$ cat target_23.cif   # mmCIF, C-alpha atoms
data_coords
#
loop_
_atom_site.label_atom_id
_atom_site.label_comp_id
_atom_site.auth_asym_id
_atom_site.auth_seq_id
_atom_site.Cartn_x
_atom_site.Cartn_y
_atom_site.Cartn_z
CA MET M 1 21.46 -56.71 -53.07
CA ASP M 2 18.60 -58.36 -51.20
CA VAL M 3 20.53 -60.85 -49.11
CA PHE M 4 18.54 -59.99 -46.02
CA ALA M 5 15.15 -61.45 -45.33
CA LYS M 6 12.47 -59.12 -46.73
CA PRO M 7 11.14 -57.91 -43.37
CA LEU M 8 14.68 -56.98 -42.36
CA GLU M 9 15.27 -55.14 -45.64
CA ALA M 10 12.00 -53.27 -45.15
CA LEU M 11 12.92 -52.24 -41.62
CA ILE M 12 16.40 -51.12 -42.70
CA ARG M 13 14.77 -48.95 -45.37
CA GLU M 14 12.47 -47.39 -42.76
CA PHE M 15 15.40 -46.60 -40.46
CA MET M 16 17.32 -45.08 -43.37
CA LYS M 17 14.54 -42.50 -43.78
CA MET M 18 15.50 -41.04 -40.41
CA PRO M 19 17.91 -38.11 -40.35
CA SER M 20 21.65 -38.92 -40.26
CA VAL M 21 21.06 -42.69 -40.38
CA GLY M 22 23.10 -44.39 -43.12
CA PRO M 23 22.91 -48.01 -44.29
CA LYS M 24 25.29 -49.30 -41.61
CA SER M 25 23.52 -47.61 -38.70
CA ALA M 26 20.17 -48.73 -40.09
CA GLN M 27 21.43 -52.33 -40.23
CA ARG M 28 22.75 -52.10 -36.69
CA MET M 29 19.38 -50.82 -35.49
CA ALA M 30 17.50 -53.57 -37.32
CA PHE M 31 19.80 -56.25 -35.87
CA TYR M 32 19.26 -54.73 -32.45
CA PHE M 33 15.52 -55.26 -32.73
CA MET M 34 16.06 -58.79 -34.09
CA ASN M 35 17.70 -59.60 -30.76
CA GLN M 36 15.07 -57.92 -28.59
CA PRO M 37 11.99 -59.54 -27.10
CA PHE M 38 8.82 -58.57 -28.94
CA SER M 39 7.77 -56.44 -25.95
CA GLU M 40 10.53 -53.95 -26.82
CA ILE M 41 9.16 -53.60 -30.34
CA GLU M 42 5.72 -52.99 -28.88
CA LYS M 43 7.09 -50.31 -26.54
CA MET M 44 8.75 -48.51 -29.44
CA CYS M 45 5.55 -48.64 -31.51
CA ARG M 46 3.47 -47.36 -28.62
CA ALA M 47 5.91 -44.48 -28.08
CA LEU M 48 5.76 -43.60 -31.79
CA LYS M 49 1.99 -43.71 -31.92
CA ASP M 50 1.67 -41.64 -28.73
CA LEU M 51 3.10 -38.71 -30.69
CA GLU M 52 -0.48 -38.29 -31.87
CA ASN M 53 -1.27 -36.91 -28.41
CA ILE M 54 1.10 -33.98 -28.83
CA ARG M 55 -0.25 -30.55 -29.67
CA SER M 56 1.05 -27.00 -29.43
CA CYS M 57 1.22 -25.16 -26.11
CA SER M 58 -1.51 -22.53 -26.35
CA LEU M 59 0.86 -19.89 -24.98
CA CYS M 60 4.34 -20.51 -26.43
CA PHE M 61 3.72 -23.08 -29.22
CA ASN M 62 6.21 -25.53 -27.70
CA PHE M 63 5.14 -29.16 -28.18
CA SER M 64 2.84 -30.14 -25.36
CA GLU M 65 0.59 -32.92 -24.19
CA ASP M 66 -1.63 -30.50 -22.28
CA ASN M 67 -2.98 -27.03 -22.99
CA LEU M 68 0.19 -25.56 -21.45
CA CYS M 69 3.65 -27.06 -22.04
CA PRO M 70 5.90 -28.20 -19.16
CA VAL M 71 7.86 -24.92 -19.30
CA CYS M 72 4.84 -22.58 -19.30
CA SER M 73 3.14 -24.52 -16.52
CA ASP M 74 6.24 -24.53 -14.30
CA PRO M 75 5.59 -21.91 -11.56
CA SER M 76 9.33 -21.59 -10.84
CA ARG M 77 9.98 -20.08 -14.29
CA ASP M 78 9.87 -16.32 -14.87
CA SER M 79 6.89 -15.91 -17.18
CA GLY M 80 7.79 -12.27 -17.88
CA LEU M 81 11.06 -13.21 -19.56
CA ILE M 82 10.30 -14.57 -23.04
CA CYS M 83 12.98 -16.12 -25.21
CA VAL M 84 11.95 -16.17 -28.87
CA VAL M 85 13.30 -19.16 -30.83
CA SER M 86 12.83 -20.41 -34.35
CA ASP M 87 11.85 -23.94 -33.46
CA PHE M 88 11.69 -26.61 -30.89
CA ARG M 89 15.27 -27.75 -31.52
CA ASP M 90 16.62 -24.35 -30.47
CA LEU M 91 14.41 -24.42 -27.39
CA ALA M 92 15.88 -27.83 -26.55
CA ALA M 93 19.42 -26.49 -27.03
CA ILE M 94 18.79 -23.60 -24.63
CA GLU M 95 17.20 -25.92 -22.08
CA ARG M 96 20.22 -28.21 -22.29
CA SER M 97 22.48 -25.25 -21.46
CA GLY M 98 20.65 -25.40 -18.12
CA ASN M 99 20.79 -21.77 -16.97
CA TYR M 100 17.77 -20.13 -18.55
CA LYS M 101 14.88 -19.65 -16.14
CA GLY M 102 12.41 -17.71 -18.29
CA VAL M 103 9.84 -19.04 -20.75
CA TYR M 104 9.83 -19.34 -24.55
CA HIS M 105 8.01 -18.41 -27.69
CA VAL M 106 8.40 -20.82 -30.59
CA LEU M 107 8.02 -19.06 -33.95
CA GLY M 108 7.66 -22.21 -36.02
CA GLY M 109 10.38 -21.15 -38.45
CA LEU M 110 12.08 -18.03 -39.74
CA ILE M 111 11.02 -15.43 -42.28
CA SER M 112 12.43 -16.69 -45.58
CA PRO M 113 11.21 -14.96 -48.76
CA MET M 114 13.11 -17.54 -50.85
CA ASP M 115 10.98 -20.32 -49.38
CA GLY M 116 7.81 -18.26 -49.42
CA ILE M 117 7.68 -18.04 -45.61
CA GLY M 118 6.39 -14.66 -44.52
CA PRO M 119 5.64 -13.31 -41.02
CA GLU M 120 2.05 -14.60 -41.27
CA GLU M 121 3.32 -18.20 -41.38
CA LEU M 122 4.98 -17.70 -37.98
CA THR M 123 3.53 -17.17 -34.51
CA ILE M 124 4.50 -13.47 -34.45
CA ARG M 125 0.98 -12.14 -33.84
CA PRO M 126 0.52 -14.15 -30.61
CA LEU M 127 4.00 -13.02 -29.53
CA LEU M 128 2.97 -9.37 -29.88
CA ASP M 129 -0.06 -10.15 -27.72
CA ARG M 130 2.17 -11.73 -25.06
CA ALA M 131 4.53 -8.73 -25.09
CA ALA M 132 2.06 -6.61 -23.14
CA LYS M 133 2.66 -8.66 -19.99
CA ALA M 134 6.39 -9.31 -20.56
CA SER M 135 9.32 -7.64 -18.82
CA GLU M 136 11.90 -8.61 -21.45
CA ILE M 137 11.90 -10.33 -24.81
CA ILE M 138 15.12 -12.06 -25.86
CA LEU M 139 15.40 -12.58 -29.62
CA ALA M 140 17.29 -15.87 -29.88
CA THR M 141 16.93 -16.64 -33.57
CA ASN M 142 20.12 -17.88 -35.25
CA PRO M 143 22.70 -15.30 -36.40
CA THR M 144 21.95 -16.15 -40.05
CA VAL M 145 20.36 -14.00 -42.75
CA ASN M 146 16.88 -15.40 -42.07
CA GLY M 147 17.41 -15.29 -38.32
CA GLU M 148 18.51 -11.64 -38.43
CA THR M 149 15.66 -10.67 -40.75
CA THR M 150 13.15 -12.32 -38.42
CA ALA M 151 14.66 -10.71 -35.31
CA LEU M 152 14.61 -7.28 -36.95
CA PHE M 153 11.03 -7.72 -38.12
CA ILE M 154 9.88 -8.73 -34.63
CA LEU M 155 11.81 -5.86 -33.05
CA ARG M 156 10.02 -3.34 -35.31
CA GLN M 157 6.62 -4.85 -34.65
CA LEU M 158 7.24 -4.80 -30.91
CA ARG M 159 8.41 -1.18 -31.01
CA MET M 160 5.16 -0.17 -32.72
CA ASN M 161 3.04 -1.73 -30.01
CA SER M 162 4.88 -1.66 -26.70
CA GLU M 163 7.77 -0.35 -24.62
CA VAL M 164 8.95 -3.81 -23.58
CA LYS M 165 12.70 -4.31 -23.25
CA VAL M 166 13.98 -6.26 -26.29
CA THR M 167 17.39 -7.92 -26.33
CA ARG M 168 19.37 -10.04 -28.79
CA ILE M 169 21.60 -12.99 -27.84
CA ALA M 170 25.30 -12.09 -27.93
CA TYR M 171 27.49 -12.73 -30.94
CA GLY M 172 31.03 -13.79 -30.17
CA ILE M 173 33.68 -16.45 -30.10
CA PRO M 174 32.25 -19.80 -28.95
CA VAL M 175 33.63 -20.87 -25.56
CA GLY M 176 36.59 -23.18 -26.08
CA ALA M 177 37.05 -22.11 -29.70
CA ASN M 178 40.20 -20.65 -31.17
CA LEU M 179 40.39 -17.00 -32.31
CA GLU M 180 42.79 -18.10 -35.03
CA TYR M 181 40.04 -20.08 -36.78
CA ALA M 182 37.10 -17.75 -36.16
CA ASP M 183 35.74 -15.86 -39.15
CA GLY M 184 36.25 -12.12 -39.45
CA ILE M 185 32.63 -11.14 -38.89
CA THR M 186 32.43 -13.13 -35.68
CA ILE M 187 35.66 -11.56 -34.42
CA SER M 188 34.38 -8.05 -35.26
CA ARG M 189 31.13 -8.77 -33.43
CA ALA M 190 33.02 -10.19 -30.45
CA ILE M 191 35.09 -7.00 -30.22
CA GLU M 192 32.03 -4.76 -30.63
CA GLY M 193 30.31 -6.71 -27.88
CA ARG M 194 33.26 -6.57 -25.45
CA ARG M 195 32.42 -6.19 -21.77
CA ASN M 196 34.19 -4.87 -18.70
CA ILE M 197 35.69 -7.56 -16.51
CA MET J 1 14.88 -31.93 -17.24
CA ASP J 2 11.47 -32.78 -18.64
CA VAL J 3 10.91 -29.77 -20.88
CA PHE J 4 9.58 -31.94 -23.67
CA ALA J 5 6.03 -33.17 -23.79
CA LYS J 6 5.83 -36.60 -22.13
CA PRO J 7 5.20 -38.61 -25.31
CA LEU J 8 8.26 -36.99 -26.87
CA GLU J 9 10.38 -37.77 -23.80
CA ALA J 10 9.16 -41.36 -23.91
CA LEU J 11 10.03 -41.74 -27.59
CA ILE J 12 13.48 -40.19 -27.07
CA ARG J 13 14.11 -42.73 -24.30
CA GLU J 14 13.09 -45.58 -26.64
CA PHE J 15 15.44 -44.34 -29.37
CA MET J 16 18.26 -44.05 -26.85
CA LYS J 17 18.03 -47.79 -26.19
CA MET J 18 19.22 -48.43 -29.75
CA PRO J 19 22.94 -49.01 -30.30
CA SER J 20 25.11 -45.91 -30.86
CA VAL J 21 22.18 -43.51 -30.46
CA GLY J 22 22.93 -40.74 -27.96
CA PRO J 23 20.56 -38.08 -26.58
CA LYS J 24 21.07 -35.71 -29.51
CA SER J 25 20.47 -38.30 -32.22
CA ALA J 26 17.47 -39.60 -30.31
CA GLN J 27 15.99 -36.09 -30.17
CA ARG J 28 16.63 -35.58 -33.87
CA MET J 29 14.84 -38.85 -34.63
CA ALA J 30 11.89 -37.95 -32.41
CA PHE J 31 11.59 -34.50 -34.05
CA TYR J 32 11.72 -36.18 -37.42
CA PHE J 33 8.66 -38.26 -36.59
CA MET J 34 6.90 -35.20 -35.14
CA ASN J 35 7.09 -33.69 -38.62
CA GLN J 36 5.97 -36.80 -40.47
CA PRO J 37 2.43 -37.74 -41.42
CA PHE J 38 1.01 -40.46 -39.20
CA SER J 39 1.24 -42.91 -42.11
CA GLU J 40 5.05 -42.88 -41.78
CA ILE J 41 4.78 -43.86 -38.13
CA GLU J 42 2.46 -46.68 -39.11
CA LYS J 43 4.92 -47.87 -41.77
CA MET J 44 7.72 -47.95 -39.22
CA CYS J 45 5.60 -49.88 -36.73
CA ARG J 46 4.52 -52.37 -39.36
CA ALA J 47 8.17 -52.91 -40.37
CA LEU J 48 9.16 -53.46 -36.75
CA LYS J 49 6.34 -55.89 -36.08
CA ASP J 50 7.04 -57.81 -39.31
CA LEU J 51 10.31 -58.94 -37.74
CA GLU J 52 8.15 -61.59 -36.11
CA ASN J 53 8.00 -63.31 -39.50
CA ILE J 54 11.73 -63.88 -39.61
CA ARG J 55 13.15 -67.29 -38.85
CA SER J 56 16.44 -69.10 -39.52
CA CYS J 57 17.28 -70.49 -42.94
CA SER J 58 17.07 -74.26 -42.50
CA LEU J 59 20.34 -74.71 -44.39
CA CYS J 60 22.70 -71.88 -43.39
CA PHE J 61 20.95 -70.25 -40.37
CA ASN J 62 20.92 -66.83 -42.05
CA PHE J 63 17.80 -64.82 -41.19
CA SER J 64 15.03 -65.75 -43.57
CA GLU J 65 11.36 -65.26 -44.22
CA ASP J 66 11.08 -68.61 -45.96
CA ASN J 67 12.49 -72.03 -45.28
CA LEU J 68 15.56 -71.10 -47.37
CA CYS J 69 17.19 -67.65 -47.18
CA PRO J 70 17.64 -65.43 -50.27
CA VAL J 71 21.28 -66.58 -50.64
CA CYS J 72 20.62 -70.31 -50.36
CA SER J 73 17.67 -70.13 -52.75
CA ASP J 74 19.61 -68.15 -55.38
CA PRO J 75 20.45 -70.67 -58.17
CA SER J 76 23.30 -68.45 -59.42
CA ARG J 77 25.30 -68.97 -56.21
CA ASP J 78 27.81 -71.82 -55.89
CA SER J 79 26.23 -74.02 -53.22
CA GLY J 80 29.43 -76.10 -52.91
CA LEU J 81 31.46 -73.14 -51.64
CA ILE J 82 30.52 -72.48 -48.00
CA CYS J 83 31.77 -69.44 -46.13
CA VAL J 84 31.52 -69.94 -42.36
CA VAL J 85 30.83 -66.74 -40.41
CA SER J 86 30.18 -65.97 -36.78
CA ASP J 87 26.98 -64.04 -37.27
CA PHE J 88 24.69 -62.25 -39.61
CA ARG J 89 26.67 -59.01 -39.42
CA ASP J 90 29.75 -60.67 -40.86
CA LEU J 91 27.63 -62.24 -43.60
CA ALA J 92 26.34 -58.75 -44.40
CA ALA J 93 29.89 -57.36 -44.51
CA ILE J 94 30.99 -60.04 -46.99
CA GLU J 95 27.88 -59.49 -49.14
CA ARG J 96 28.62 -55.75 -49.19
CA SER J 97 32.10 -56.50 -50.55
CA GLY J 98 30.18 -57.74 -53.58
CA ASN J 99 32.51 -60.40 -54.98
CA TYR J 100 31.62 -63.55 -53.12
CA LYS J 101 29.45 -65.97 -55.11
CA GLY J 102 29.25 -68.94 -52.78
CA VAL J 103 26.86 -69.57 -49.89
CA TYR J 104 27.23 -69.18 -46.11
CA HIS J 105 26.98 -70.96 -42.83
CA VAL J 106 26.10 -68.77 -39.83
CA LEU J 107 27.49 -70.20 -36.59
CA GLY J 108 25.46 -68.00 -34.29
CA GLY J 109 28.51 -66.86 -32.32
CA LEU J 110 32.01 -68.00 -31.50
CA ILE J 111 33.35 -70.52 -29.02
CA SER J 112 34.01 -68.51 -25.88
CA PRO J 113 34.74 -70.46 -22.68
CA MET J 114 34.73 -67.18 -20.71
CA ASP J 115 31.10 -66.60 -21.68
CA GLY J 116 30.15 -70.24 -21.34
CA ILE J 117 29.66 -70.67 -25.09
CA GLY J 118 30.79 -74.09 -26.22
CA PRO J 119 30.63 -75.76 -29.65
CA GLU J 120 27.16 -77.17 -28.82
CA GLU J 121 25.72 -73.64 -28.66
CA LEU J 122 26.77 -73.05 -32.26
CA THR J 123 25.53 -74.57 -35.54
CA ILE J 124 28.69 -76.65 -35.99
CA ARG J 125 26.91 -80.02 -36.17
CA PRO J 126 24.75 -78.97 -39.18
CA LEU J 127 27.90 -77.55 -40.83
CA LEU J 128 29.61 -80.93 -40.57
CA ASP J 129 26.54 -82.47 -42.24
CA ARG J 130 26.74 -79.91 -45.06
CA ALA J 131 30.47 -80.56 -45.57
CA ALA J 132 29.77 -83.90 -47.29
CA LYS J 133 28.37 -82.08 -50.34
CA ALA J 134 30.77 -79.09 -50.27
CA SER J 135 33.76 -78.48 -52.52
CA GLU J 136 35.39 -75.93 -50.20
CA ILE J 137 34.76 -74.49 -46.76
CA ILE J 138 36.14 -71.02 -46.06
CA LEU J 139 36.55 -70.29 -42.35
CA ALA J 140 35.80 -66.56 -42.13
CA THR J 141 35.57 -66.07 -38.38
CA ASN J 142 37.33 -62.95 -37.09
CA PRO J 143 41.10 -63.10 -36.47
CA THR J 144 40.55 -62.81 -32.72
CA VAL J 145 41.21 -65.35 -29.97
CA ASN J 146 37.63 -66.68 -30.06
CA GLY J 147 37.53 -66.55 -33.85
CA GLU J 148 40.77 -68.52 -34.17
CA THR J 149 39.68 -71.03 -31.53
CA THR J 150 36.40 -71.60 -33.35
CA ALA J 151 38.10 -71.91 -36.76
CA LEU J 152 40.59 -74.43 -35.36
CA PHE J 153 37.84 -76.43 -33.68
CA ILE J 154 35.81 -76.60 -36.88
CA LEU J 155 38.90 -77.53 -38.92
CA ARG J 156 39.59 -80.48 -36.60
CA GLN J 157 35.99 -81.65 -36.68
CA LEU J 158 35.93 -81.43 -40.47
CA ARG J 159 39.20 -83.34 -40.80
CA MET J 160 37.73 -86.18 -38.72
CA ASN J 161 34.74 -86.56 -41.00
CA SER J 162 35.65 -85.54 -44.52
CA GLU J 163 38.31 -84.69 -47.07
CA VAL J 164 36.75 -81.37 -48.01
CA LYS J 165 39.10 -78.50 -48.84
CA VAL J 166 39.21 -76.08 -45.89
CA THR J 167 40.62 -72.55 -46.20
CA ARG J 168 41.02 -69.56 -43.89
CA ILE J 169 40.55 -65.92 -44.96
CA ALA J 170 43.87 -64.12 -45.47
CA TYR J 171 45.52 -62.05 -42.76
CA GLY J 172 47.31 -58.94 -43.91
CA ILE J 173 47.45 -55.20 -44.19
CA PRO J 174 44.01 -53.71 -44.89
CA VAL J 175 43.78 -52.13 -48.34
CA GLY J 176 44.51 -48.42 -48.08
CA ALA J 177 46.12 -48.74 -44.65
CA ASN J 178 49.61 -47.68 -43.75
CA LEU J 179 52.35 -50.22 -42.94
CA GLU J 180 53.79 -47.70 -40.51
CA TYR J 181 50.76 -47.99 -38.24
CA ALA J 182 50.07 -51.73 -38.63
CA ASP J 183 50.77 -53.92 -35.62
CA GLY J 184 53.68 -56.36 -35.68
CA ILE J 185 51.58 -59.54 -35.78
CA THR J 186 49.61 -58.29 -38.78
CA ILE J 187 52.82 -57.36 -40.61
CA SER J 188 54.34 -60.79 -39.85
CA ARG J 189 51.19 -62.48 -41.15
CA ALA J 190 51.18 -60.28 -44.26
CA ILE J 191 54.77 -61.29 -45.03
CA GLU J 192 54.08 -65.00 -44.35
CA GLY J 193 51.10 -64.79 -46.68
CA ARG J 194 52.97 -63.03 -49.51
CA ARG J 195 52.04 -64.00 -53.06
CA ASN J 196 53.71 -63.94 -56.46
CA ILE J 197 52.67 -61.00 -58.62
#

$ encode --input "target_23.cif" --output "structure tokens"
Amino acid sequence: MDVFAKPLEALIREFMKMPSVGPKSAQRMAFYFMNQPFSEIEKMCRALKDLENIRSCSLCFNFSEDNLCPVCSDPSRDSGLICVVSDFRDLAAIERSGNYKGVYHVLGGLISPMDGIGPEELTIRPLLDRAAKASEIILATNPTVNGETTALFILRQLRMNSEVKVTRIAYGIPVGANLEYADGITISRAIEGRRNI
Amino acid sequence: MDVFAKPLEALIREFMKMPSVGPKSAQRMAFYFMNQPFSEIEKMCRALKDLENIRSCSLCFNFSEDNLCPVCSDPSRDSGLICVVSDFRDLAAIERSGNYKGVYHVLGGLISPMDGIGPEELTIRPLLDRAAKASEIILATNPTVNGETTALFILRQLRMNSEVKVTRIAYGIPVGANLEYADGITISRAIEGRRNI
């Protein structure tokens, strides 16, 4: 159905490669650029190509332009409190929540025997090195099978090497959610994790 | 909240300029490109920059790479049947429906006194020229105030110059919709437009 001019078709196909972009969104995006001055297209291309300048933070493996990422180089953050996350998306989610004032450690994935990802593929070794100077390590991997496996593995490794305090993010009912629709395991965990008020 | 590396922040801001892309989608898109080989970024940039090669079809004003757009240059389409649409998006919607075998005329907007858009801003003059060789002209502007105004204006202009058959797309209940929730004007139009079965 090539009714569009070829360059437009080509651009729509490129947009459709992006996650959660269907044909209609891709068309809308292509039409948007059709109506923009060429300088906007150049800005977008420059921004895309500048991704080349991104590397890993040498401390926490967050994406960074410099040797240390913006979080690790922020003196107002508590560098002794390390939150361990699977990837950059989870780091972004915690940052969006706005209350966390410690630093991070990005694992680069989760242990997943099915996908052939073992502990060596992740940044667990550097985390163990960082643990020596940490006051607390929060294991914030997802409450999924792979997330739990990874958290447990890290916990054991840490226990072998140090006395650092290790915590796990709380399981429970999401704020604003309805008990009626929560699954049984979540409810059990929420009751186990009950706190005095 | 600049926790992301600067180039990533910059790219997210560029994505957020696109229509119906919020902060979360923009982040997802930026992360996607972070995980792509550089060749994918180059493909996207080439596709964006190739938009420069697009011009208007000299006949119907559809976007085109060549003098004639893919629709006008398709010999299997009925060049005597001209469907008049406001813009390229509406042309795309009709093409998606898959049954239309005529050609188009893209007005480049609708008459809108409020926005200072008069008939001279649209491609109405070239449409009148095309009408001489047409068997039927379908006015497929939206059933809105500006769409109706534009359709009526074109009808009058056509009547002054030619005897060509002029039709208007049907008003009615959308397929799959519920009469209960349809507005009164639409129901009245659907009844007026009833057909023998």

$ resolve_selection --input "target_23.cif" --expression "the PyMOL selection byres ((chain J and resi 126-140) around 7)" --output "PyMOL selection string"
chain J and resi 80-85+105+123-125+141-142+151+158+162+164-169

$ atom_distance --input "target_23.cif" --atom1 "atom CA of Ser58 of chain M" --atom2 "atom CA of Phe15 of chain J"
27.8 Å

$ closest_atom_pairs --input "target_23.cif" --of "chain J" --to "chain M" --cutoff "8 Å" --atoms "only C-alpha atoms" --output "Markdown table"
| residue | atom | partner | partner_atom | distance |
| --- | --- | --- | --- | --- |
| J:Asp2 | CA | M:Pro70 | CA | 7.2 |
| J:Val3 | CA | M:Pro70 | CA | 5.5 |
| J:Phe4 | CA | M:Phe63 | CA | 6.9 |
| J:Ala5 | CA | M:Ser64 | CA | 4.7 |
| J:Lys6 | CA | M:Glu65 | CA | 6.7 |
| J:Pro7 | CA | M:Asp50 | CA | 5.8 |
| J:Leu8 | CA | M:Leu51 | CA | 6.6 |
| J:Ala10 | CA | M:Ala47 | CA | 6.1 |
| J:Leu11 | CA | M:Ala47 | CA | 5.0 |
| J:Glu14 | CA | M:Met44 | CA | 5.9 |
| J:Phe15 | CA | M:Met44 | CA | 7.9 |
| J:Met18 | CA | M:Met29 | CA | 6.2 |
| J:Pro19 | CA | M:Met29 | CA | 6.5 |
| J:Arg28 | CA | M:Pro19 | CA | 7.1 |
| J:Met29 | CA | M:Met18 | CA | 6.2 |
| J:Tyr32 | CA | M:Met18 | CA | 6.8 |
| J:Phe33 | CA | M:Leu48 | CA | 7.7 |
| J:Met34 | CA | M:Leu51 | CA | 6.8 |
| J:Phe38 | CA | M:Glu52 | CA | 7.8 |
| J:Ile41 | CA | M:Leu48 | CA | 6.4 |
| J:Glu42 | CA | M:Lys49 | CA | 7.8 |
| J:Lys43 | CA | M:Glu14 | CA | 7.6 |
| J:Met44 | CA | M:Glu14 | CA | 6.0 |
| J:Cys45 | CA | M:Cys45 | CA | 5.4 |
| J:Ala47 | CA | M:Leu11 | CA | 5.0 |
| J:Leu48 | CA | M:Leu11 | CA | 6.3 |
| J:Lys49 | CA | M:Ile41 | CA | 6.8 |
| J:Asp50 | CA | M:Pro7 | CA | 5.8 |
| J:Leu51 | CA | M:Pro7 | CA | 5.8 |
| J:Glu52 | CA | M:Phe38 | CA | 7.8 |
| J:Asn53 | CA | M:Pro7 | CA | 7.3 |
| J:Ile54 | CA | M:Pro7 | CA | 7.1 |
| J:Phe63 | CA | M:Ala5 | CA | 6.0 |
| J:Ser64 | CA | M:Ala5 | CA | 4.6 |
| J:Glu65 | CA | M:Ala5 | CA | 5.5 |
| J:Cys69 | CA | M:Ala5 | CA | 6.8 |
| J:Pro70 | CA | M:Val3 | CA | 5.5 |
| J:Val71 | CA | M:Val3 | CA | 6.0 |
| J:Ala92 | CA | M:Val3 | CA | 7.8 |
| J:Glu95 | CA | M:Val3 | CA | 7.5 |

$ atom_distance --input "target_23.cif" --atom1 "atom CA of Ser79 of chain M" --atom2 "atom CA of Lys101 of chain M"
8.9 Å

$ resolve_selection --input "target_23.cif" --expression "the PyMOL selection byres ((chain J and resi 112-115) around 10)" --output "PyMOL selection string"
chain J and resi 109-111+116-119+145-147+149-150

$ atom_distance --input "target_23.cif" --atom1 "atom CA of Pro23 of chain M" --atom2 "atom CA of Ala26 of chain J"
17.2 Å

$ residues_around --input "target_23.cif" --residues "segment 171-176 of chain J" --least-positions-apart "3" --cutoff "7 Å" --atoms "only C-alpha atoms" --output "list in words"
Thr186, Ile187, Arg189 and Ala190 of chain J

$ axis_aligned_box --input "target_23.cif" --around "segment 132-135 of chain J" --padding-each-side "8 Å" --output "lines of an AutoDock Vina configuration file"
center_x = 31.1
center_y = -81.2
center_z = -49.9
size_x = 21.4
size_y = 21.4
size_z = 21.2

$ decode --input "target_23.cif" --residues "segment 77-89 of chain J" --atoms "N, CA and C atoms" --output "mmCIF file, in the first residue's frame"
data_model
loop_
_atom_site.group_PDB
_atom_site.id
_atom_site.type_symbol
_atom_site.label_atom_id
_atom_site.label_comp_id
_atom_site.auth_asym_id
_atom_site.auth_seq_id
_atom_site.Cartn_x
_atom_site.Cartn_y
_atom_site.Cartn_z
ATOM 1 N N ARG J 77 -5.815 3.218 -11.346
ATOM 2 C CA ARG J 77 -6.775 4.050 -10.614
ATOM 3 C C ARG J 77 -7.611 4.850 -11.615
ATOM 4 N N ASP J 78 -8.869 5.098 -11.265
ATOM 5 C CA ASP J 78 -9.786 5.839 -12.117
ATOM 6 C C ASP J 78 -9.500 7.340 -11.966
ATOM 7 N N SER J 79 -8.854 7.922 -12.960
ATOM 8 C CA SER J 79 -8.431 9.316 -12.838
ATOM 9 C C SER J 79 -9.593 10.290 -13.032
ATOM 10 N N GLY J 80 -10.772 9.776 -13.397
ATOM 11 C CA GLY J 80 -11.941 10.643 -13.550
ATOM 12 C C GLY J 80 -12.706 10.825 -12.252
ATOM 13 N N LEU J 81 -12.419 9.968 -11.268
ATOM 14 C CA LEU J 81 -13.112 10.022 -9.984
ATOM 15 C C LEU J 81 -12.182 10.695 -8.981
ATOM 16 N N ILE J 82 -12.533 11.919 -8.576
ATOM 17 C CA ILE J 82 -11.634 12.711 -7.726
ATOM 18 C C ILE J 82 -12.235 12.890 -6.343
ATOM 19 N N CYS J 83 -11.519 12.429 -5.340
ATOM 20 C CA CYS J 83 -11.966 12.566 -3.957
ATOM 21 C C CYS J 83 -11.231 13.750 -3.334
ATOM 22 N N VAL J 84 -11.986 14.757 -2.907
ATOM 23 C CA VAL J 84 -11.391 15.984 -2.386
ATOM 24 C C VAL J 84 -11.257 15.875 -0.870
ATOM 25 N N VAL J 85 -10.032 15.973 -0.371
ATOM 26 C CA VAL J 85 -9.793 15.868 1.074
ATOM 27 C C VAL J 85 -9.070 17.104 1.582
ATOM 28 N N SER J 86 -9.194 17.317 2.871
ATOM 29 C CA SER J 86 -8.565 18.478 3.489
ATOM 30 C C SER J 86 -7.053 18.344 3.467
ATOM 31 N N ASP J 87 -6.555 17.232 3.974
ATOM 32 C CA ASP J 87 -5.106 17.083 3.991
ATOM 33 C C ASP J 87 -4.704 15.628 3.807
ATOM 34 N N PHE J 88 -3.402 15.455 3.846
ATOM 35 C CA PHE J 88 -2.768 14.200 3.602
ATOM 36 C C PHE J 88 -3.216 13.106 4.579
ATOM 37 N N ARG J 89 -3.510 13.495 5.805
ATOM 38 C CA ARG J 89 -3.961 12.527 6.801
ATOM 39 C C ARG J 89 -5.268 11.875 6.397
#
